[in-house]
$ cat run_38.txt   # compact mmCIF, C-alpha atoms
# COMPACT_ATOMS: atom_id res chain seq x y z
CA MET A 298 -0.13 -201.27 122.94
CA LEU A 299 -3.53 -200.22 121.61
CA SER A 300 -5.47 -201.92 118.83
CA LEU A 301 -8.82 -200.91 117.38
CA ALA A 302 -11.19 -203.39 115.75
CA LYS A 303 -14.65 -203.04 114.24
CA LEU A 304 -17.59 -204.95 115.69
CA GLY A 305 -19.95 -205.93 112.88
CA ALA A 306 -23.73 -206.05 113.12
CA GLY A 307 -23.61 -209.85 113.15
CA VAL A 308 -21.32 -210.01 116.15
CA ALA A 309 -24.17 -210.59 118.62
CA ASP A 310 -25.43 -213.60 116.66
CA TYR A 311 -21.88 -214.94 116.34
CA TYR A 312 -21.26 -214.86 120.07
CA GLU A 313 -24.78 -216.19 120.70
CA ARG A 314 -23.81 -219.32 118.81
CA MET A 315 -20.36 -219.53 120.38
CA VAL A 316 -21.04 -218.82 124.03
CA ALA A 317 -24.83 -218.96 124.43
CA ARG A 318 -25.27 -215.66 126.29
CA GLY A 319 -24.55 -213.19 123.50
CA VAL A 320 -21.90 -210.65 122.63
CA GLU A 321 -21.29 -209.49 126.18
CA GLU A 322 -20.22 -212.98 127.28
CA TYR A 323 -16.88 -212.71 125.51
CA TYR A 324 -16.10 -209.55 127.42
CA ALA A 325 -17.91 -210.36 130.68
CA SER A 326 -16.36 -213.79 131.25
CA ALA A 327 -17.23 -215.35 134.60
CA ARG A 328 -13.50 -215.66 135.25
CA GLU A 329 -12.89 -211.94 134.85
CA ALA A 330 -13.89 -208.74 136.60
CA PRO A 331 -17.25 -207.20 135.60
CA GLY A 332 -17.18 -204.39 133.07
CA GLU A 333 -17.29 -200.73 134.03
CA TRP A 334 -18.84 -197.88 132.09
CA LEU A 335 -16.47 -195.14 130.92
CA GLY A 336 -16.86 -191.99 128.86
CA THR A 337 -18.47 -188.59 129.10
CA SER A 338 -21.41 -189.54 126.89
CA SER A 339 -22.34 -192.47 129.13
CA SER A 340 -23.92 -190.00 131.54
CA TYR A 341 -26.50 -188.99 128.90
CA LEU A 342 -27.74 -192.60 128.96
CA ARG A 343 -27.50 -192.82 132.77
CA LEU A 344 -24.86 -195.50 132.46
CA GLU A 345 -22.42 -195.74 135.35
CA GLY A 346 -20.72 -198.37 137.44
CA THR A 347 -20.94 -202.03 136.49
CA VAL A 348 -21.96 -202.92 132.94
CA ASP A 349 -25.26 -204.78 132.64
CA GLY A 350 -25.51 -207.23 129.73
CA ASP A 351 -28.96 -206.09 128.60
CA GLU A 352 -27.94 -202.44 128.66
CA PHE A 353 -24.79 -203.33 126.74
CA ARG A 354 -26.74 -205.02 123.93
CA ARG A 355 -29.28 -202.21 123.70
CA VAL A 356 -26.65 -199.49 123.37
CA LEU A 357 -24.93 -201.48 120.62
CA SER A 358 -28.26 -201.60 118.79
CA HIS A 359 -28.67 -197.79 119.07
CA THR A 360 -31.51 -197.91 121.60
CA ASP A 361 -31.85 -196.31 125.00
CA PRO A 362 -30.67 -198.88 127.55
CA ARG A 363 -33.69 -198.28 129.80
CA SER A 364 -36.61 -197.18 127.64
CA GLY A 365 -35.69 -199.03 124.46
CA VAL A 366 -36.39 -195.88 122.43
CA ARG A 367 -34.37 -195.48 119.24
CA LEU A 368 -31.45 -193.07 119.74
CA THR A 369 -30.53 -192.27 116.14
CA ASP A 370 -32.54 -191.32 113.06
CA ALA A 371 -31.31 -194.30 111.05
CA ARG A 372 -33.97 -196.94 110.45
CA SER A 373 -31.64 -199.85 111.00
CA VAL A 374 -28.57 -200.67 113.04
CA PRO A 375 -25.38 -199.80 111.12
CA LYS A 376 -23.15 -202.54 109.73
CA VAL A 377 -20.56 -201.56 112.35
CA VAL A 378 -22.20 -201.52 115.78
CA GLY A 379 -19.08 -200.50 117.68
CA PHE A 380 -15.34 -200.64 118.09
CA ASP A 381 -13.15 -202.70 120.40
CA ALA A 382 -10.22 -200.63 121.70
CA THR A 383 -7.86 -203.11 123.38
CA PHE A 384 -5.13 -201.87 125.71
CA CYS A 385 -2.48 -204.58 126.22
CA ALA A 386 0.11 -204.44 129.00
CA PRO A 387 3.64 -205.69 128.26
CA LYS A 388 4.27 -209.35 129.07
CA SER A 389 6.43 -208.54 132.10
CA ALA A 390 3.57 -206.54 133.65
CA SER A 391 1.20 -209.43 132.96
CA LEU A 392 3.56 -211.86 134.69
CA LEU A 393 3.99 -209.56 137.68
CA PHE A 394 0.20 -209.26 137.92
CA ALA A 395 -0.26 -213.04 137.70
CA LEU A 396 2.64 -214.20 139.87
CA GLY A 397 3.19 -211.38 142.34
CA SER A 398 1.85 -211.22 145.87
CA SER A 399 -1.72 -210.04 146.37
CA ASP A 400 -0.53 -206.52 147.23
CA VAL A 401 1.71 -206.34 144.16
CA SER A 402 -0.99 -207.80 141.92
CA ASN A 403 -3.50 -205.21 143.15
CA GLU A 404 -1.09 -202.39 142.37
CA VAL A 405 -0.51 -203.71 138.84
CA ARG A 406 -4.27 -203.94 138.33
CA ASN A 407 -4.79 -200.40 139.60
CA ALA A 408 -1.97 -199.14 137.38
CA GLN A 409 -3.59 -200.76 134.35
CA ASP A 410 -6.96 -199.20 135.14
CA ALA A 411 -5.43 -195.76 135.64
CA ALA A 412 -3.44 -195.94 132.39
CA VAL A 413 -6.51 -197.05 130.42
CA ARG A 414 -8.60 -194.21 131.83
CA GLU A 415 -5.99 -191.60 130.98
CA ALA A 416 -5.57 -192.90 127.42
CA PHE A 417 -9.31 -193.25 126.90
CA ASP A 418 -9.84 -189.64 127.95
CA VAL A 419 -7.56 -188.57 125.11
CA LEU A 420 -9.31 -190.94 122.70
CA GLN A 421 -12.74 -189.57 123.54
CA SER A 422 -11.54 -186.00 122.99
CA LEU A 423 -11.55 -186.94 119.28
CA ALA A 424 -15.25 -187.83 119.26
CA ARG A 425 -17.31 -186.51 116.39
CA GLY A 426 -20.44 -187.67 114.60
CA ARG A 427 -21.46 -188.05 110.99
CA ARG A 428 -24.71 -186.58 109.70
CA GLY A 429 -26.60 -186.34 106.46
CA ARG A 430 -26.37 -188.43 103.32
CA ASN A 431 -23.22 -190.58 103.37
CA GLY A 432 -22.23 -188.91 106.65
CA VAL A 433 -20.63 -185.91 104.97
CA ARG A 434 -21.57 -183.40 107.68
CA LEU A 435 -19.52 -183.62 110.87
CA VAL A 436 -20.57 -182.59 114.37
CA THR A 437 -18.46 -182.37 117.51
CA GLY A 438 -19.27 -185.07 120.05
CA ASP A 439 -19.22 -184.78 123.81
CA GLY A 440 -16.92 -187.71 124.48
CA LEU A 441 -17.72 -191.38 123.97
CA VAL A 442 -19.65 -194.23 125.53
CA GLY A 443 -17.30 -197.00 126.65
CA ALA A 444 -17.66 -200.35 128.41
CA ALA A 445 -14.29 -201.42 129.86
CA TYR A 446 -13.58 -205.10 130.52
CA ARG A 447 -10.26 -206.01 132.14
CA HIS A 448 -9.00 -209.53 131.33
CA ARG A 449 -6.13 -211.45 132.93
CA THR A 450 -5.31 -214.12 130.37
CA SER A 451 -4.96 -214.72 126.65
CA ARG A 452 -6.96 -217.27 124.68
CA ALA A 453 -3.98 -219.57 125.21
CA ALA A 454 -4.69 -219.30 128.98
CA GLU A 455 -1.39 -217.49 129.59
CA PRO A 456 -0.91 -214.33 131.69
CA HIS A 457 -1.97 -211.44 129.45
CA LEU A 458 -3.27 -208.35 131.23
CA HIS A 459 -5.39 -206.34 128.81
CA THR A 460 -8.52 -204.22 128.80
CA HIS A 461 -11.19 -204.21 126.12
CA VAL A 462 -13.04 -200.90 125.89
CA VAL A 463 -16.09 -201.47 123.70
CA ILE A 464 -17.15 -198.20 122.09
CA PRO A 465 -20.68 -198.25 120.64
CA ASN A 466 -21.03 -196.57 117.25
CA LEU A 467 -22.73 -193.57 118.84
CA VAL A 468 -21.82 -189.99 119.60
CA TYR A 469 -23.79 -187.25 121.38
CA ALA A 470 -23.59 -183.73 119.95
CA LEU A 471 -24.16 -180.86 122.37
CA GLU A 472 -24.97 -178.41 119.58
CA ASP A 473 -28.36 -180.02 118.97
CA GLN A 474 -28.51 -182.63 121.77
CA ARG A 475 -28.88 -185.51 119.34
CA TRP A 476 -27.19 -188.87 118.84
CA SER A 477 -25.64 -189.95 115.58
CA ALA A 478 -23.17 -192.47 114.21
CA LEU A 479 -19.54 -192.05 115.26
CA ASP A 480 -16.89 -190.91 112.83
CA ALA A 481 -14.16 -193.40 113.70
CA ARG A 482 -11.51 -192.04 111.33
CA PRO A 483 -9.82 -189.85 114.00
CA LEU A 484 -9.75 -192.83 116.37
CA TYR A 485 -7.82 -194.90 113.84
CA ALA A 486 -5.54 -191.99 112.94
CA TRP A 487 -4.57 -191.50 116.60
CA CYS A 488 -4.54 -195.17 117.62
CA LYS A 489 -0.73 -195.52 117.62
CA PRO A 490 0.14 -192.32 119.54
CA ILE A 491 -2.58 -192.97 122.09
CA GLY A 492 -1.24 -196.50 122.45
CA TYR A 493 2.18 -195.00 123.19
CA LEU A 494 0.56 -192.67 125.72
CA TYR A 495 -1.12 -195.63 127.44
CA ALA A 496 2.18 -197.54 127.61
CA ALA A 497 4.04 -194.52 129.00
CA GLN A 498 1.32 -193.88 131.58
CA LEU A 499 1.42 -197.54 132.62
CA ARG A 500 5.19 -197.36 133.10
CA PHE A 501 4.77 -194.21 135.19
CA GLU A 502 2.06 -195.81 137.32
CA LEU A 503 4.04 -198.99 137.96
CA THR A 504 7.25 -197.12 138.71
CA THR A 505 5.41 -194.81 141.12
CA ARG A 506 3.50 -197.61 142.83
CA LEU A 507 6.12 -200.39 142.89
CA GLY A 508 9.46 -198.77 142.05
CA VAL A 509 10.08 -201.03 139.05
CA GLN A 510 12.66 -200.19 136.39
CA TRP A 511 12.39 -200.59 132.63
CA GLN A 512 14.31 -201.67 129.60
CA PRO A 513 14.60 -199.06 126.79
CA ALA A 514 11.31 -198.56 124.95
CA VAL A 515 11.04 -199.91 121.40
CA LYS A 516 8.16 -198.56 119.29
CA GLY A 517 6.56 -197.19 122.42
CA MET A 518 6.69 -200.45 124.39
CA ALA A 519 9.12 -201.60 127.07
CA GLU A 520 9.53 -204.56 129.40
CA MET A 521 10.47 -204.36 133.04
CA SER A 522 14.06 -204.96 134.03
CA GLY A 523 14.73 -208.31 135.66
CA PHE A 524 12.61 -210.47 133.34
CA PRO A 525 14.81 -212.66 131.10
CA LYS A 526 13.79 -212.76 127.44
CA ALA A 527 13.51 -216.56 127.64
CA VAL A 528 10.87 -216.25 130.38
CA LEU A 529 8.88 -213.66 128.46
CA ARG A 530 8.99 -215.79 125.33
CA ALA A 531 7.94 -218.93 127.22
CA PHE A 532 4.67 -217.20 128.11
CA SER A 533 4.08 -215.86 124.58
CA THR A 534 2.56 -218.86 122.80
CA ARG A 535 0.47 -216.79 120.42
CA ARG A 536 3.47 -214.73 119.30
CA ARG A 537 5.46 -217.89 118.62
CA GLU A 538 2.58 -219.32 116.60
CA ILE A 539 2.40 -216.16 114.47
CA GLU A 540 6.15 -216.24 113.88
CA GLU A 541 5.92 -219.87 112.76
CA GLU A 542 3.08 -219.00 110.39
CA LEU A 543 5.13 -216.18 108.89
CA LYS A 544 8.08 -218.48 108.39
CA GLY A 545 5.94 -220.88 106.42
CA ALA A 546 4.25 -218.20 104.33
$ encode --input "run_38.txt" --output "structure tokens"
Amino acid sequence: MLSLAKLGAGVADYYERMVARGVEEYYASAREAPGEWLGTSSSYLRLEGTVDGDEFRRVLSHTDPRSGVRLTDARSVPKVVGFDATFCAPKSASLLFALGSSDVSNEVRNAQDAAVREAFDVLQSLARGRRGRNGVRLVTGDGLVGAAYRHRTSRAAEPHLHTHVVIPNLVYALEDQRWSALDARPLYAWCKPIGYLYAAQLRFELTTRLGVQWQPAVKGMAEMSGFPKAVLRAFSTRRREIEEELKGA
């Protein structure tokens, strides 16, 4: 499953109040693995390897992560500073990751990372920028900048393997070697099929690595064979809460 959410300009201040260290703290939790830079355009900013919090904030504010020089022509940071593309593994994969042996858990983690990379490569092939008044002129971008944070648990502290890929609202155009705001409309239009691609790639990776079998896919998602529905539901507190809310609506 893939979801795409906007990150507003006030998000840094919000997380500053909530967690004291700023926007990156939500993604770079001390309990989770450090973030990793993804995307073709990251190389133009010399971003690779582990995500640094200061670099992360600067890119979101449209400044060069090292020099602090403004990257775009706009005089102020846009209302939307970026997008959070979240790739969520099925609950059975999350449980196998959390409860399996260290070797099995490592293979699930590696499968998740591989599936996210493959899906993100397709997502960044859609990159284009908006230029001119009201962004009416479009330019082809050379991929995206992405900061990938893999998390193990949900906010309910239950096994929930998922990866946030934070995509700054920036795109680099080769035609004039300039940065501009990202046109996110293709990302939203292709969110569902790319989510299906991620899920299919994850199933392939896990089957290849661990020999697992799967239940029939429903709307692009499938659970592993051998996990009773009652067990999956017992570790899905948030889903049960939403269902209860809908019943009372």
$ closest_residue --input "run_38.txt" --among "A:Gly523, A:Gly379, A:Gly426, A:Gly438" --to "A:Leu393" --atoms "all atoms listed in the file"
A:Gly523
$ residues_around --input "run_38.txt" --residues "A:Thr460" --least-positions-apart "4" --cutoff "7 Å" --atoms "all atoms listed in the file" --output "PyMOL selection string"
chain A and resi 383-385+445-448
$ atom_distance --input "run_38.txt" --atom1 "atom CA of A:Val405" --atom2 "atom CA of A:Gln498"
12.4 Å
$ closest_residue --input "run_38.txt" --among "A:Ala470, A:Ala330, A:Val401, A:Val436" --to "A:Thr450" --atoms "all atoms listed in the file"
A:Ala330
$ atom_distance --input "run_38.txt" --atom1 "atom CA of A:Ala416" --atom2 "atom CA of A:Ala497"
9.9 Å
$ atom_distance --input "run_38.txt" --atom1 "atom CA of A:Val462" --atom2 "atom CA of A:Pro490"
17.0 Å
$ residues_around --input "run_38.txt" --residues "A:Ala478" --least-positions-apart "6" --cutoff "8 Å" --atoms "only C-alpha atoms" --output "PDB file with C-alpha atoms, in the coordinates of the input"
ATOM      1  CA  THR A 369     -30.530-192.270 116.140  1.00  0.00           C
ATOM      2  CA  GLY A 426     -20.440-187.670 114.600  1.00  0.00           C
ATOM      3  CA  ARG A 427     -21.460-188.050 110.990  1.00  0.00           C
ATOM      4  CA  ARG A 428     -24.710-186.580 109.700  1.00  0.00           C
ATOM      5  CA  ASN A 466     -21.030-196.570 117.250  1.00  0.00           C
ATOM      6  CA  LEU A 467     -22.730-193.570 118.840  1.00  0.00           C
ATOM      7  CA  VAL A 468     -21.820-189.990 119.600  1.00  0.00           C
TER       8      VAL A 468
END
$ residues_near_point --input "run_38.txt" --point "(-17.6, -189.4, 115.1)" --cutoff "6 Å" --atoms "all atoms listed in the file" --output "count of residues only"
7
$ axis_aligned_box --input "run_38.txt" --around "stretch 347-360 of chain A" --padding-each-side "5 Å" --output "AutoDock Vina command-line options"
--center_x -26.2 --center_y -202.5 --center_z 127.6 --size_x 20.6 --size_y 19.4 --size_z 27.7
$ residues_around --input "run_38.txt" --residues "A:Arg506" --least-positions-apart "6" --cutoff "12 Å" --atoms "only C-alpha atoms" --output "compact mmCIF listing (two decimals) with C-alpha atoms, in the coordinates of the input"
# COMPACT_ATOMS: atom_id res chain seq x y z
CA ASP A 400 -0.53 -206.52 147.23
CA VAL A 401 1.71 -206.34 144.16
CA SER A 402 -0.99 -207.80 141.92
CA ASN A 403 -3.50 -205.21 143.15
CA GLU A 404 -1.09 -202.39 142.37
CA VAL A 405 -0.51 -203.71 138.84
CA ARG A 406 -4.27 -203.94 138.33
CA ASN A 407 -4.79 -200.40 139.60
CA ALA A 408 -1.97 -199.14 137.38
CA GLN A 409 -3.59 -200.76 134.35
CA ALA A 411 -5.43 -195.76 135.64
CA LEU A 499 1.42 -197.54 132.62
CA ARG A 500 5.19 -197.36 133.10
$ closest_residue --input "run_38.txt" --among "A:Ala531, A:Leu423, A:Leu301, A:Ile464" --to "A:Tyr485" --atoms "only C-alpha atoms"
A:Leu301
$ closest_residue --input "run_38.txt" --among "A:Val433, A:Met298, A:Arg530, A:Leu396" --to "A:Met518" --atoms "only C-alpha atoms"
A:Met298
$ closest_residue --input "run_38.txt" --among "A:Leu342, A:Val377, A:Leu458, A:Leu441" --to "A:Arg355" --atoms "only C-alpha atoms"
A:Leu342
$ closest_residue --input "run_38.txt" --among "A:Ala444, A:Ala454, A:Ala302, A:Cys488" --to "A:Gly346" --atoms "only C-alpha atoms"
A:Ala444
